[in-house]
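Asker: Contents of protein.tsv (TSV, C-alpha atoms):
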chain	number	residue	atom	x	y	z
A	1	MET	CA	-25.74	-4.86	96.63
A	2	GLY	CA	-26.01	-2.25	93.86
A	3	ARG	CA	-22.82	-1.52	91.94
A	4	PHE	CA	-21.96	0.44	88.84
A	5	HIS	CA	-21.01	-0.37	85.31
A	6	ARG	CA	-19.67	1.69	82.45
A	7	HIS	CA	-20.72	0.97	78.88
A	8	ASP	CA	-18.33	1.29	75.95
A	9	ASP	CA	-19.80	4.71	75.20
A	10	GLY	CA	-18.79	5.95	78.66
A	11	THR	CA	-22.24	6.03	80.26
A	12	VAL	CA	-22.53	4.75	83.83
A	13	HIS	CA	-25.40	3.02	85.59
A	14	ASP	CA	-26.04	0.93	88.67
A	15	HIS	CA	-26.30	-2.83	88.46
A	16	ASP	CA	-26.20	-5.80	90.76
A	17	HIS	CA	-23.19	-8.12	90.78
A	18	ASP	CA	-23.83	-11.76	91.53
A	19	HIS	CA	-20.74	-11.98	93.72
A	20	ASP	CA	-19.48	-10.36	96.89
A	21	HIS	CA	-16.49	-8.09	96.96
A	22	ASP	CA	-15.39	-4.79	98.42
A	23	HIS	CA	-15.04	-1.70	96.28
A	24	GLY	CA	-13.48	0.21	99.16
A	25	ASP	CA	-14.60	3.83	99.20
A	26	HIS	CA	-16.99	3.25	96.29
A	27	SER	CA	-19.46	1.49	98.59
A	28	GLY	CA	-20.16	4.70	100.49
A	29	TYR	CA	-21.84	6.44	97.58
A	30	GLY	CA	-25.60	6.84	97.60
A	31	THR	CA	-27.94	6.35	94.68
A	32	GLY	CA	-29.37	8.75	92.14
A	33	PRO	CA	-27.89	11.49	89.93
A	34	GLU	CA	-25.35	12.59	92.54
A	35	ARG	CA	-23.87	9.12	92.74
A	36	ILE	CA	-23.69	8.81	88.97
A	37	GLU	CA	-21.88	12.16	88.78
A	38	VAL	CA	-19.33	10.97	91.32
A	39	LEU	CA	-18.77	7.72	89.45
A	40	GLU	CA	-18.40	9.55	86.15
A	41	ALA	CA	-15.79	11.75	87.82
A	42	ILE	CA	-13.95	8.67	89.08
A	43	PHE	CA	-13.86	7.17	85.60
A	44	ALA	CA	-12.79	10.49	84.06
A	45	GLU	CA	-9.91	10.82	86.51
A	46	ASN	CA	-8.94	7.20	85.89
A	47	ASP	CA	-8.92	7.70	82.13
A	48	THR	CA	-6.79	10.83	82.46
A	49	ARG	CA	-4.23	8.92	84.53
A	50	ALA	CA	-4.41	6.00	82.08
A	51	ASP	CA	-3.41	8.36	79.28
A	52	ILE	CA	-0.46	9.51	81.40
A	53	ASN	CA	0.60	5.90	81.96
A	54	ARG	CA	0.29	5.13	78.25
A	55	ALA	CA	2.38	8.19	77.38
A	56	ALA	CA	5.06	7.02	79.84
A	57	PHE	CA	5.12	3.60	78.20
A	58	GLU	CA	5.25	4.99	74.70
A	59	SER	CA	7.94	7.57	75.45
A	60	ASN	CA	10.13	4.68	76.59
A	61	GLY	CA	9.26	2.42	73.65
A	62	ILE	CA	7.30	0.01	75.87
A	63	ARG	CA	4.26	-2.09	75.04
A	64	ALA	CA	1.95	-2.75	78.01
A	65	LEU	CA	-0.40	-5.70	78.48
A	66	ASN	CA	-3.19	-5.94	81.06
A	67	LEU	CA	-3.45	-9.62	82.10
A	68	MET	CA	-6.72	-10.57	83.83
A	69	SER	CA	-8.57	-13.65	85.07
A	70	SER	CA	-10.65	-15.10	87.86
A	71	PRO	CA	-8.82	-16.41	90.95
A	72	GLY	CA	-7.34	-19.86	90.44
A	73	SER	CA	-7.25	-19.79	86.64
A	74	GLY	CA	-3.47	-20.27	86.57
A	75	LYS	CA	-2.64	-16.68	85.61
A	76	THR	CA	0.52	-16.49	87.71
A	77	THR	CA	1.66	-19.91	86.46
A	78	VAL	CA	1.15	-18.71	82.88
A	79	LEU	CA	3.11	-15.58	83.66
A	80	ALA	CA	5.97	-17.52	85.30
A	81	ALA	CA	6.27	-19.78	82.25
A	82	THR	CA	6.13	-16.71	80.03
A	83	LEU	CA	9.00	-15.03	81.84
A	84	ASP	CA	11.06	-18.21	81.67
A	85	GLU	CA	10.60	-18.20	77.88
A	86	ILE	CA	10.87	-14.55	76.84
A	87	ALA	CA	12.82	-12.70	79.54
A	88	GLY	CA	16.06	-13.61	77.79
A	89	ASP	CA	14.86	-11.97	74.56
A	90	LEU	CA	12.84	-9.04	75.89
A	91	ALA	CA	13.36	-6.74	78.85
A	92	VAL	CA	10.17	-7.35	80.84
A	93	GLY	CA	8.66	-5.52	83.78
A	94	VAL	CA	5.77	-6.96	85.78
A	95	ILE	CA	3.31	-5.02	87.92
A	96	GLU	CA	1.99	-7.67	90.28
A	97	GLY	CA	-1.46	-6.71	91.56
A	98	ASP	CA	-2.91	-8.54	94.53
A	99	ILE	CA	-5.20	-7.67	97.41
A	100	ALA	CA	-2.65	-8.82	99.99
A	101	THR	CA	0.64	-10.75	100.37
A	102	ASP	CA	3.65	-10.98	98.07
A	103	LEU	CA	3.17	-14.68	97.30
A	104	ASP	CA	2.62	-14.26	93.56
A	105	ALA	CA	5.42	-11.71	93.27
A	106	ALA	CA	7.74	-14.19	94.99
A	107	LYS	CA	6.82	-16.86	92.42
A	108	LEU	CA	7.87	-14.48	89.64
A	109	GLY	CA	11.13	-13.41	91.25
A	110	GLY	CA	14.41	-14.67	89.80
A	111	ARG	CA	12.95	-15.16	86.33
A	112	GLY	CA	14.72	-12.26	84.66
A	113	ALA	CA	12.03	-9.57	85.00
A	114	GLN	CA	11.72	-6.39	87.02
A	115	ILE	CA	8.87	-6.84	89.54
A	116	SER	CA	6.83	-4.07	91.14
A	117	LEU	CA	4.39	-5.34	93.78
A	118	LEU	CA	1.06	-3.54	94.09
A	119	ASN	CA	-1.16	-4.53	97.03
A	120	THR	CA	-4.68	-3.08	96.93
A	121	ASN	CA	-5.48	-3.76	100.60
A	122	ASN	CA	-7.05	-0.54	101.87
A	123	GLY	CA	-7.92	-1.70	105.37
A	124	PHE	CA	-11.46	-2.63	104.34
A	125	GLY	CA	-10.71	-5.83	102.45
A	126	GLY	CA	-8.94	-4.40	99.39
A	127	GLU	CA	-9.91	-3.23	95.92
A	128	CYS	CA	-11.11	-5.91	93.50
A	129	HIS	CA	-9.24	-4.40	90.55
A	130	LEU	CA	-6.32	-2.23	89.56
A	131	ASP	CA	-7.00	1.26	88.30
A	132	ALA	CA	-4.78	3.73	86.48
A	133	PRO	CA	-3.66	5.72	89.57
A	134	MET	CA	-2.56	2.46	91.26
A	135	VAL	CA	-0.59	1.42	88.19
A	136	ASN	CA	0.93	4.89	88.00
A	137	ARG	CA	2.27	4.46	91.54
A	138	ALA	CA	3.60	0.99	90.71
A	139	LEU	CA	5.52	2.38	87.73
A	140	GLN	CA	7.80	4.11	90.21
A	141	GLY	CA	9.17	0.66	91.05
A	142	LEU	CA	10.26	-0.04	87.46
A	143	ASP	CA	13.13	1.35	85.41
A	144	LEU	CA	11.06	2.09	82.32
A	145	ARG	CA	14.07	3.20	80.30
A	146	ALA	CA	15.38	-0.38	80.40
A	147	LEU	CA	12.17	-2.19	79.40
A	148	ASP	CA	10.53	-3.43	76.20
A	149	LEU	CA	7.35	-4.93	77.69
A	150	VAL	CA	5.31	-4.37	80.85
A	151	ILE	CA	2.79	-7.00	81.92
A	152	ILE	CA	0.22	-5.84	84.46
A	153	GLU	CA	-1.10	-8.84	86.39
A	154	ASN	CA	-4.48	-7.63	87.57
A	155	VAL	CA	-6.40	-8.76	90.65
A	156	GLY	CA	-8.28	-12.04	90.13
A	157	ASN	CA	-11.86	-11.01	89.31
A	158	LEU	CA	-14.12	-11.46	86.28
A	159	VAL	CA	-16.00	-8.15	86.60
A	160	CYS	CA	-14.25	-5.01	87.79
A	161	PRO	CA	-10.81	-5.20	86.12
A	162	ALA	CA	-12.38	-5.09	82.65
A	163	GLU	CA	-13.98	-1.72	83.37
A	164	PHE	CA	-10.78	0.23	84.12
A	165	ASP	CA	-8.28	1.38	81.51
A	166	VAL	CA	-4.86	1.33	83.19
A	167	GLY	CA	-2.86	2.59	80.21
A	168	GLU	CA	-2.36	-0.77	78.49
A	169	HIS	CA	-2.09	-1.31	74.74
A	170	ALA	CA	-3.95	-4.63	74.87
A	171	LYS	CA	-5.86	-6.87	77.27
A	172	ALA	CA	-5.48	-10.61	77.71
A	173	MET	CA	-7.15	-13.06	80.05
A	174	VAL	CA	-6.56	-16.56	81.35
A	175	TYR	CA	-9.71	-18.73	81.38
A	176	SER	CA	-9.42	-22.22	82.85
A	177	VAL	CA	-11.44	-25.23	81.71
A	178	THR	CA	-12.14	-25.88	85.39
A	179	GLU	CA	-14.23	-22.69	85.56
A	180	GLY	CA	-17.07	-24.01	83.40
A	181	GLU	CA	-18.09	-23.24	79.84
A	182	ASP	CA	-20.73	-20.69	80.91
A	183	LYS	CA	-18.35	-17.96	82.09
A	184	PRO	CA	-18.23	-15.96	78.82
A	185	LEU	CA	-22.03	-15.71	78.91
A	186	LYS	CA	-22.17	-14.83	82.62
A	187	TYR	CA	-19.34	-12.28	82.47
A	188	PRO	CA	-19.53	-10.87	78.93
A	189	VAL	CA	-17.95	-7.49	79.78
A	190	MET	CA	-14.67	-9.17	80.66
A	191	PHE	CA	-14.61	-11.53	77.69
A	192	ARG	CA	-15.71	-8.79	75.30
A	193	SER	CA	-12.93	-6.46	76.44
A	194	VAL	CA	-9.94	-8.69	75.73
A	195	ASP	CA	-7.76	-9.22	72.67
A	196	VAL	CA	-6.50	-12.67	73.69
A	197	VAL	CA	-8.03	-15.52	75.70
A	198	LEU	CA	-5.71	-18.24	76.99
A	199	LEU	CA	-7.88	-21.30	77.59
A	200	ASN	CA	-5.71	-22.85	80.29
A	201	LYS	CA	-5.43	-26.28	81.95
A	202	ILE	CA	-6.33	-28.22	78.82
A	203	ASP	CA	-4.18	-31.05	80.21
A	204	LEU	CA	-7.12	-31.71	82.56
A	205	VAL	CA	-9.65	-32.21	79.76
A	206	PRO	CA	-9.35	-36.04	79.76
A	207	HIS	CA	-10.21	-36.03	83.46
A	208	LEU	CA	-13.19	-33.64	83.24
A	209	ASP	CA	-16.55	-33.67	81.51
A	210	VAL	CA	-15.66	-30.75	79.22
A	211	ASP	CA	-15.50	-30.07	75.50
A	212	VAL	CA	-12.90	-27.53	74.38
A	213	GLU	CA	-14.88	-26.65	71.25
A	214	THR	CA	-17.81	-25.58	73.43
A	215	TYR	CA	-15.55	-23.29	75.49
A	216	VAL	CA	-14.18	-21.71	72.32
A	217	ALA	CA	-17.68	-21.28	70.87
A	218	ARG	CA	-18.90	-19.52	74.03
A	219	VAL	CA	-16.02	-17.05	73.85
A	220	ARG	CA	-16.81	-16.46	70.18
A	221	ASP	CA	-20.44	-15.76	71.10
A	222	VAL	CA	-19.40	-12.60	72.96
A	223	ASN	CA	-16.10	-11.75	71.26
A	224	PRO	CA	-15.77	-13.00	67.67
A	225	ALA	CA	-12.50	-11.11	67.16
A	226	ALA	CA	-10.51	-12.44	70.12
A	227	THR	CA	-7.49	-14.67	69.58
A	228	ILE	CA	-8.20	-17.90	71.50
A	229	LEU	CA	-5.25	-20.07	72.48
A	230	PRO	CA	-5.84	-23.42	74.22
A	231	VAL	CA	-2.83	-23.95	76.50
A	232	SER	CA	-1.50	-25.79	79.50
A	233	ALA	CA	0.89	-23.69	81.54
A	234	ARG	CA	1.75	-26.82	83.53
A	235	THR	CA	2.77	-29.06	80.62
A	236	GLY	CA	3.67	-26.36	78.08
A	237	GLU	CA	1.10	-27.55	75.52
A	238	GLY	CA	0.09	-24.69	73.22
A	239	MET	CA	2.27	-22.16	75.02
A	240	ALA	CA	4.47	-21.61	71.96
A	241	ASP	CA	1.52	-19.90	70.26
A	242	TRP	CA	1.16	-17.56	73.23
A	243	PHE	CA	4.87	-16.75	73.25
A	244	ASP	CA	4.70	-16.02	69.53
A	245	TRP	CA	1.70	-13.71	69.98
A	246	LEU	CA	3.42	-11.90	72.84
A	247	ARG	CA	6.65	-11.36	70.91
A	248	LYS	CA	4.67	-9.92	68.00
A	249	PHE	CA	2.72	-7.72	70.41
A	250	ALA	CA	5.93	-6.44	72.01
A	251	SER	CA	7.24	-5.51	68.57
A	252	GLY	CA	3.98	-3.84	67.58
A	253	ALA	CA	3.27	-6.45	64.91
A	254	ALA	CA	0.14	-7.79	66.66
A	255	ASP	CA	-1.81	-4.54	66.14
Let me see whether you can do it: turn the structure in this file into structure tokens.

Answerer:
Amino acid sequence: MGRFHRHDDGTVHDHDHDHDHDHGDHSGYGTGPERIEVLEAIFAENDTRADINRAAFESNGIRALNLMSSPGSGKTTVLAATLDEIAGDLAVGVIEGDIATDLDAAKLGGRGAQISLLNTNNGFGGECHLDAPMVNRALQGLDLRALDLVIIENVGNLVCPAEFDVGEHAKAMVYSVTEGEDKPLKYPVMFRSVDVVLLNKIDLVPHLDVDVETYVARVRDVNPAATILPVSARTGEGMADWFDWLRKFASGAAD
């Protein structure tokens, strides 16, 4: 089914995704110039709201991180371990984006962070990403005056979340060795958009036919500037480097 994509220069065109998901109201648009105009208007409105979100963060001295991944990469496990480590040093708020349920939000509860749940279920299956208006609504569930860092856990998807600015200051993604080394080449928009890649589940490498250097090289093929951190959220291996990066980011030193 034809979808749309926005280039870095802001232009929009149709393209075909190689996966099935529901864009909600977006799927009702036709093709041709009229559709492109509508999509450009959607992106323009999103970017306006993203600037409002960013201004709200900055006026409260907050740094915001958009955390993305495919489903099953271990993103919530990474985030839980992160809260256990840094919530005593930094005042953290989490916007927990999911199509349905509060399961992930429940996993993050009691770890010292403010949690604002954001379900995208629209009655037609749910949006496959968070956008700036959604995040703006979720901000109402956080006391921004009390926070240093907001982590926006996006919906699990390797395409759509990368295309929407939600007001963050940086993007990070969790990429599991169980996903295959080809993902950076198949989903370059996502990998190209991020500042940090956490290569997760490296504790499984001895049990899989994988080579970590190949994974790193594939990320470098599409994003030479990204910080790549091999980690295991389950065992804690490599996580200290992630915590260090995040603390520097929260202080503004990672810019």

Asker: Would you mind reading off the distance between CA of Ala132 (chain A) and CA of Ala225 (chain A), one decimal, in Å?

Answerer: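 Going from CA of Ala132 (chain A) over to CA of Ala225 (chain A) covers 25.6 Å.
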
Asker: With all atoms listed in the file as the atoms that count, which of A:Gly97, A:Gly180, A:Pro161, A:Gly109 lies nearest to Val216 (chain A)?

Answerer: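 Checking each of A:Gly97, A:Gly180, A:Pro161, A:Gly109 against Val216 (chain A), counting all atoms listed in the file, the winner is A:Gly180.
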
Asker: Can you work out which one of A:Ala146, A:Val78, A:Ala55, A:Leu103 has the shortest atom-to-atom distance to Leu199 (chain A), counting only C-alpha atoms?

Answerer: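 Distance minimum relative to Leu199 (chain A) lands on A:Val78.
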
Asker: Point out the residue among A:Thr48, A:Thr214, A:Ser59, A:Ser73 with the least atom-to-atom distance to Gly156 (chain A), counting only C-alpha atoms.

Answerer: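 With only C-alpha atoms as the atom set, the closest residue is A:Ser73.
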
Asker: Quick one: residues within 7 Å of region 79-81 of chain A, all atoms listed in the file, excluding same-chain residues fewer than 3 positions away - as a ChimeraX atom specification?

Answerer: /A:75-76,84-85,108,233

Asker: Provide the CA of Met134 (chain A) to CA of Ile86 (chain A) distance in Å, to one decimal place.

Answerer: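 Straight-line distance from CA of Met134 (chain A) to CA of Ile86 (chain A) works out to 26.0 Å.
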
Asker: Using all atoms listed in the file - which residues lie no farther than 8 Å from the point (8.1, 7.1, 82.1) in the file's frame? Write them as a count of residues only.

Answerer: 9

Asker: Check the smallest atom-to-atom distance from each of A:Gly88, A:Pro133, A:Pro188, A:Gly236 to Ile42 (chain A) using only C-alpha atoms, then report the winner.

Answerer: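 Once distances to Ile42 (chain A) are computed over only C-alpha atoms, the minimum belongs to A:Pro133.
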
Asker: Tell me which of A:Arg192, A:Arg111, A:Arg63, A:Lys201 sits closest to Gly252 (chain A), counting all atoms listed in the file.

Answerer: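 So, comparing all the options, the nearest one is A:Arg63.
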
Asker: If I take CA of Asp182 (chain A) and CA of Leu158 (chain A), how far is one from the other in Å, to one decimal?

Answerer: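 Rounded to one decimal, the two atoms are 12.6 Å apart.
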
Asker: List as a list of chain:residue names the protein and nucleic acid residues near Gly238 (chain A), meaning an atom at most 10 Å away when only C-alpha atoms are counted, but skip any in the same chain fewer than 3 places from it.

Answerer: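 After dropping sequence-adjacent residues, the list is A:Leu198, A:Leu199, A:Asn200, A:Ile202, A:Leu229, A:Pro230, A:Val231, A:Ser232, A:Ala233, A:Thr235, A:Asp241, A:Trp242, A:Phe243.
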
Asker: Would you list the contacts of region 169-171 of chain A as an mmCIF file with C-alpha atoms, in the frame of the given file, taking every protein, DNA or RNA residue within 6 Å and counting only C-alpha atoms, but skipping same-chain residues closer than 4 positions in sequence?

Answerer:
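Saved the output as around07.cif:
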data_model
loop_
_atom_site.group_PDB
_atom_site.id
_atom_site.type_symbol
_atom_site.label_atom_id
_atom_site.label_comp_id
_atom_site.auth_asym_id
_atom_site.auth_seq_id
_atom_site.Cartn_x
_atom_site.Cartn_y
_atom_site.Cartn_z
ATOM 1 C CA ALA A 64 1.950 -2.750 78.010
ATOM 2 C CA LEU A 65 -0.400 -5.700 78.480
ATOM 3 C CA ASN A 66 -3.190 -5.940 81.060
ATOM 4 C CA VAL A 194 -9.940 -8.690 75.730
ATOM 5 C CA ASP A 195 -7.760 -9.220 72.670
#

Asker: List every protein, DNA or RNA residue with an atom no more than 8 Å from (-9.2, -18.5, 88.9) in the file's coordinates, counting only C-alpha atoms, and format the result as JSON, numbers by chain.

Answerer: {"A": [69, 70, 71, 72, 73, 74, 75, 156, 157, 175, 176, 179]}

Asker: Only C-alpha atoms, as an mmCIF file, in the first residue's frame: that is what I want for region 38-102 of chain A.

Answerer:
data_model
loop_
_atom_site.group_PDB
_atom_site.id
_atom_site.type_symbol
_atom_site.label_atom_id
_atom_site.label_comp_id
_atom_site.auth_asym_id
_atom_site.auth_seq_id
_atom_site.Cartn_x
_atom_site.Cartn_y
_atom_site.Cartn_z
ATOM 1 C CA VAL A 38 -2.401 17.510 2.747
ATOM 2 C CA LEU A 39 0.661 15.582 3.884
ATOM 3 C CA GLU A 40 2.814 18.692 3.729
ATOM 4 C CA ALA A 41 0.225 20.445 5.887
ATOM 5 C CA ILE A 42 0.328 17.569 8.387
ATOM 6 C CA PHE A 43 4.103 17.778 8.638
ATOM 7 C CA ALA A 44 4.000 21.580 8.920
ATOM 8 C CA GLU A 45 1.497 21.407 11.772
ATOM 9 C CA ASN A 46 3.565 18.695 13.442
ATOM 10 C CA ASP A 47 6.741 20.771 13.197
ATOM 11 C CA THR A 48 4.972 23.814 14.644
ATOM 12 C CA ARG A 49 3.804 21.770 17.631
ATOM 13 C CA ALA A 50 7.279 20.222 17.958
ATOM 14 C CA ASP A 51 8.733 23.718 18.320
ATOM 15 C CA ILE A 52 6.167 24.415 21.057
ATOM 16 C CA ASN A 53 7.173 21.224 22.866
ATOM 17 C CA ARG A 54 10.858 22.095 22.572
ATOM 18 C CA ALA A 55 10.208 25.581 23.936
ATOM 19 C CA ALA A 56 8.363 24.048 26.901
ATOM 20 C CA PHE A 57 11.308 21.769 27.602
ATOM 21 C CA GLU A 58 13.858 24.537 27.291
ATOM 22 C CA SER A 59 11.924 27.023 29.415
ATOM 23 C CA ASN A 60 12.033 24.447 32.203
ATOM 24 C CA GLY A 61 15.699 23.554 31.697
ATOM 25 C CA ILE A 62 14.850 20.080 30.379
ATOM 26 C CA ARG A 63 16.662 17.969 27.815
ATOM 27 C CA ALA A 64 14.400 15.629 25.820
ATOM 28 C CA LEU A 65 15.372 12.356 24.159
ATOM 29 C CA ASN A 66 13.300 10.448 21.593
ATOM 30 C CA LEU A 67 13.967 6.712 22.146
ATOM 31 C CA MET A 68 12.996 4.458 19.226
ATOM 32 C CA SER A 69 13.309 0.838 18.116
ATOM 33 C CA SER A 70 11.535 -2.074 16.504
ATOM 34 C CA PRO A 71 9.223 -4.187 18.693
ATOM 35 C CA GLY A 72 11.098 -6.686 20.841
ATOM 36 C CA SER A 73 14.481 -4.957 20.750
ATOM 37 C CA GLY A 74 14.557 -4.570 24.535
ATOM 38 C CA LYS A 75 13.826 -0.833 24.556
ATOM 39 C CA THR A 76 11.682 -0.928 27.703
ATOM 40 C CA THR A 77 14.228 -3.155 29.468
ATOM 41 C CA VAL A 78 16.958 -0.653 28.564
ATOM 42 C CA LEU A 79 14.800 2.164 29.870
ATOM 43 C CA ALA A 80 14.010 0.336 33.130
ATOM 44 C CA ALA A 81 17.721 -0.261 33.766
ATOM 45 C CA THR A 82 18.400 3.370 32.893
ATOM 46 C CA LEU A 83 15.895 4.649 35.431
ATOM 47 C CA ASP A 84 17.319 2.354 38.097
ATOM 48 C CA GLU A 85 20.744 3.908 37.486
ATOM 49 C CA ILE A 86 20.087 7.614 36.941
ATOM 50 C CA ALA A 87 16.755 8.476 38.572
ATOM 51 C CA GLY A 88 18.556 9.104 41.857
ATOM 52 C CA ASP A 89 20.814 11.695 40.208
ATOM 53 C CA LEU A 90 18.458 13.273 37.681
ATOM 54 C CA ALA A 91 14.767 14.110 37.839
ATOM 55 C CA VAL A 92 13.408 12.058 34.935
ATOM 56 C CA GLY A 93 10.054 12.076 33.204
ATOM 57 C CA VAL A 94 9.022 9.351 30.765
ATOM 58 C CA ILE A 95 6.390 9.620 28.052
ATOM 59 C CA GLU A 96 5.482 5.997 27.416
ATOM 60 C CA GLY A 97 4.094 5.573 23.899
ATOM 61 C CA ASP A 98 2.289 2.383 22.987
ATOM 62 C CA ILE A 99 -0.559 1.425 20.695
ATOM 63 C CA ALA A 100 -2.518 -0.176 23.535
ATOM 64 C CA THR A 101 -2.193 -1.357 27.174
ATOM 65 C CA ASP A 102 -0.184 0.065 30.060
#
